[in-house]
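Engineer: Quick one: this structure, given as structure tokens, is what I'll be asking you about.
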Amino acid sequence: MTSVAVAESAIADAARRRRRRRTTLVWVARALTLFLILGGWELFANKHVIDPFFYGQPSGIYRQIKDWVEHGTAFGSLWLQIWVTLKEALLGFVYGVAGGVFFGVALGQVRFLADVLGPYIKVINAMPRIVLGSIFFVAFGLGTTSKVLLAAVLVFFVVFFNAFQGVREVDRNLVANARVLGASRWQVVRNVVLPSALVWIIASLHVAFGFSIIGAIVGEFLGAQKGLGLVIANSQNNFNPDGVFGAMVIIGVVALTAEALIAQLEHRLLAWRPPSPTETGLA
Amino acid sequence: MTATTLNERRLTAAHQAEARVELSGVTKRFLTPDGAPFTAIHDVNLVVEPGQFCAVVGPTGCGKSTTLTLVSGLDSPTAGAVTVGGTPVAGVTRGTSFVFQADALLPWKTVVANVAMGPLFHGLGKKQAHAEARDWLRRVGLAGFENHHPHQLSGGMRKRVALAAALINEPSILLMDEPFGALDVQTKAIMSNELLALWEQARPSVIFVTHDLEEAIALADRVVVMTVGPGTVKGVYDIDLPRPRGEVQEIRFEPRFLELHQEIWESLREEVQRAYARTAGGAS
């Protein structure tokens, strides 16, 4: 090896060591933060500085989840509740995303349509759509349909606005180039507009999945026979904060798993992008 | 000389006829975003004969690019007529290709997929289109880079991809809008040579927009000088330097080149100064 190569490998080694040390430090600090929060909560609850009757306590939440896992909830096994909620959220997510992408691209492409429908979409977006849950409940009853619809409506608007914006932001040069090369209108949409808007659409999916779970839970809250939302409502009625928090923890785990899946999808679909130097942390 | 005659024989009469571009009395007005009318070009008369390499020079904002969009059919004139091969332009003109100043490559497609777009749009199967694209990439010296993405290539290499993507459609008219404007001087010289070599093979009519007079003279058969906006044709100069031209870096030192440069620069300088005075006036 030349002296230059030796010096370069020394720099690389040093950088690797520094990076490893930093990663360890971050993880230790993370564990410590969690320990402080949960430990503090538990401690203050035991000393009755905060009343566990209202605010629960970590050990109680743990016992509650353990109990659900071992003996099931009041409405059947815990897994069934999770599955029902997840199914509603996923269905709502799929319908909402499909509708949002379709209308977003259509309105982004057809100026006239956008001018006609624009103000109405803004008005509907400004209204608290979660209230639609009541309408759906009255119309479709206790079953899954009302929850799926509510989740889909919430998801739709998030995806719609991003798809619309994404279509508007398409590089006009790219469109002109495709047209000169002989692309038909549909070919332009398929080869240029959609892939270009995909960056925006996928960015919206993270938020959209959160909304689909909110839709499903609130829908169940308003009236259901199964699901985590019902478990929460039931715990609330029984003055059982540990049950509310327990369900929250379970939903959090589900949402994080889904988030990881979406991140993977994003990684796969946007693999063409050059690595960005700002993409660090918060992962 | 033999190379040219051979090429000319290869071109059919129909091909030649459809490669003639004529602009007569063409005016284009826009509305600016705040609603004020703006005349980009005014009463432009221009003929490009089949197989001719025509360079259009002029100061910034003289409507050079507008002229190209009118020929390509991406936009239509406010007054006057643009005809290609004797028929008025309506919609995107068949048989034209466009090379833009900025990269018009799709960043999410690989190099070979970018080049294969033209044939795919014209209904060729994917396998065949990709085979053709590979062949064209080899011709522009990019064999081995087929599966790279555009962002992994240098500026000069991306320009080669853009050239291959434009030429794969075998255009009878090639429109180029300051294609090498963003390249460094050395890369620009290399790309100019390659462009000439590729052009000699198929001999499409070329309209090459640039603000670099040396580049225009080194490449073209005919140089058109445009006035500062609203742009119109100020003068047309035939470049009688022999072909094939050889290295563009070296032709600059030939006496005839310098004579032509002197003559055209006299005409262009006035416009450049007027354009500069206008922007300076606007800035103060």
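Ordering of the structure tokens sets the chain letters (A, B, ...), residue numbers begin anew at 1 in every chain, and ligands are numbered from 1 in the order given.
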Please check the contacts: residues of chain A at most 10 Å away from chain B, using only C-alpha atoms, listed as a list in words.

Structural biologist: Asp171, Arg172, Asn173, Leu174, Val175, Ala176, Asn177, Ala178, Arg179, Val180, Leu181, Gly182, Ala183, Ser184, Gln187, Val188, Asn191, Val192, Pro195, Ser196, Leu269, Leu270, Ala271, Trp272, Arg273, Pro274 and Pro275 of chain A

Engineer: Name the residues in contact with A:Ile124 at a cut-off of 12 Å, using only C-alpha atoms, excluding same-chain residues fewer than 5 positions from it; report them as an mmCIF file with N, CA and C atoms, in the first residue's frame.

Structural biologist:
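Output file selection_28.cif is given in full below:
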```
data_model
loop_
_atom_site.group_PDB
_atom_site.id
_atom_site.type_symbol
_atom_site.label_atom_id
_atom_site.label_comp_id
_atom_site.auth_asym_id
_atom_site.auth_seq_id
_atom_site.Cartn_x
_atom_site.Cartn_y
_atom_site.Cartn_z
ATOM 1 N N LEU A 117 -64.284 22.694 -9.336
ATOM 2 C CA LEU A 117 -64.426 21.973 -8.067
ATOM 3 C C LEU A 117 -63.552 22.542 -6.948
ATOM 4 N N GLY A 118 -62.553 23.328 -7.313
ATOM 5 C CA GLY A 118 -61.593 23.842 -6.333
ATOM 6 C C GLY A 118 -62.200 24.415 -5.073
ATOM 7 N N PRO A 119 -63.101 25.410 -5.209
ATOM 8 C CA PRO A 119 -63.662 26.044 -4.001
ATOM 9 C C PRO A 119 -64.423 25.056 -3.108
ATOM 10 N N ARG A 129 -64.246 17.008 9.279
ATOM 11 C CA ARG A 129 -64.827 15.843 8.612
ATOM 12 C C ARG A 129 -65.070 14.676 9.562
ATOM 13 N N ILE A 130 -64.426 14.722 10.723
ATOM 14 C CA ILE A 130 -64.573 13.620 11.666
ATOM 15 C C ILE A 130 -66.045 13.475 12.071
ATOM 16 N N VAL A 131 -66.783 14.614 11.989
ATOM 17 C CA VAL A 131 -68.203 14.610 12.348
ATOM 18 C C VAL A 131 -69.011 13.739 11.379
ATOM 19 N N LEU A 132 -68.474 13.568 10.169
ATOM 20 C CA LEU A 132 -69.150 12.706 9.206
ATOM 21 C C LEU A 132 -69.345 11.301 9.783
ATOM 22 N N VAL A 153 -62.507 8.858 4.027
ATOM 23 C CA VAL A 153 -62.692 10.298 3.832
ATOM 24 C C VAL A 153 -61.497 11.074 4.384
ATOM 25 N N LEU A 154 -61.033 10.678 5.577
ATOM 26 C CA LEU A 154 -59.892 11.375 6.169
ATOM 27 C C LEU A 154 -58.643 11.210 5.305
ATOM 28 N N PHE A 156 -58.515 10.437 2.093
ATOM 29 C CA PHE A 156 -58.699 11.013 0.762
ATOM 30 C C PHE A 156 -58.114 12.417 0.650
ATOM 31 N N PHE A 157 -58.462 13.284 1.591
ATOM 32 C CA PHE A 157 -58.066 14.681 1.437
ATOM 33 C C PHE A 157 -56.561 14.879 1.555
#
```

Engineer: Using DSSP assignments from the backbone, pull out every residue in stretch 30-242 of chain B that falls under strand (DSSP E) and give it to me as JSON, numbers by chain.

Structural biologist: {"B": [30, 31, 37, 38, 39, 40, 41, 42, 43, 44, 45, 46, 47, 48, 53, 54, 55, 56, 57, 79, 80, 81, 82, 83, 84, 87, 88, 96, 97, 98, 99, 173, 174, 175, 176, 177, 205, 206, 207, 208, 209, 210, 222, 223, 224, 225, 226, 233, 234, 235, 236, 237, 238]}

Engineer: Looking only at helix (DSSP H, G or I) from DSSP on the backbone, list the matching residues of stretch 40-95 of chain B as a ChimeraX atom specification.

Structural biologist: /B:64-72

Engineer: Could you check the closest approach to A:Ala203 for each of A:Gln165, A:Thr33, A:Thr85, A:Asn238 and tell me which residue wins, using only C-alpha atoms?

Structural biologist: A:Gln165

Engineer: Point out the residue among A:Tyr120, A:Ala114, A:Val26, A:Ile202 with the least atom-to-atom distance to A:Val159, counting only C-alpha atoms.

Structural biologist: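 Distance minimum relative to A:Val159 lands on A:Ile202.
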
Engineer: What does the distance between atom CA of B:Gln273 and atom CA of B:Asp240 come to in Å, to one decimal place?

Structural biologist: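 So the answer is 27.5 Å.
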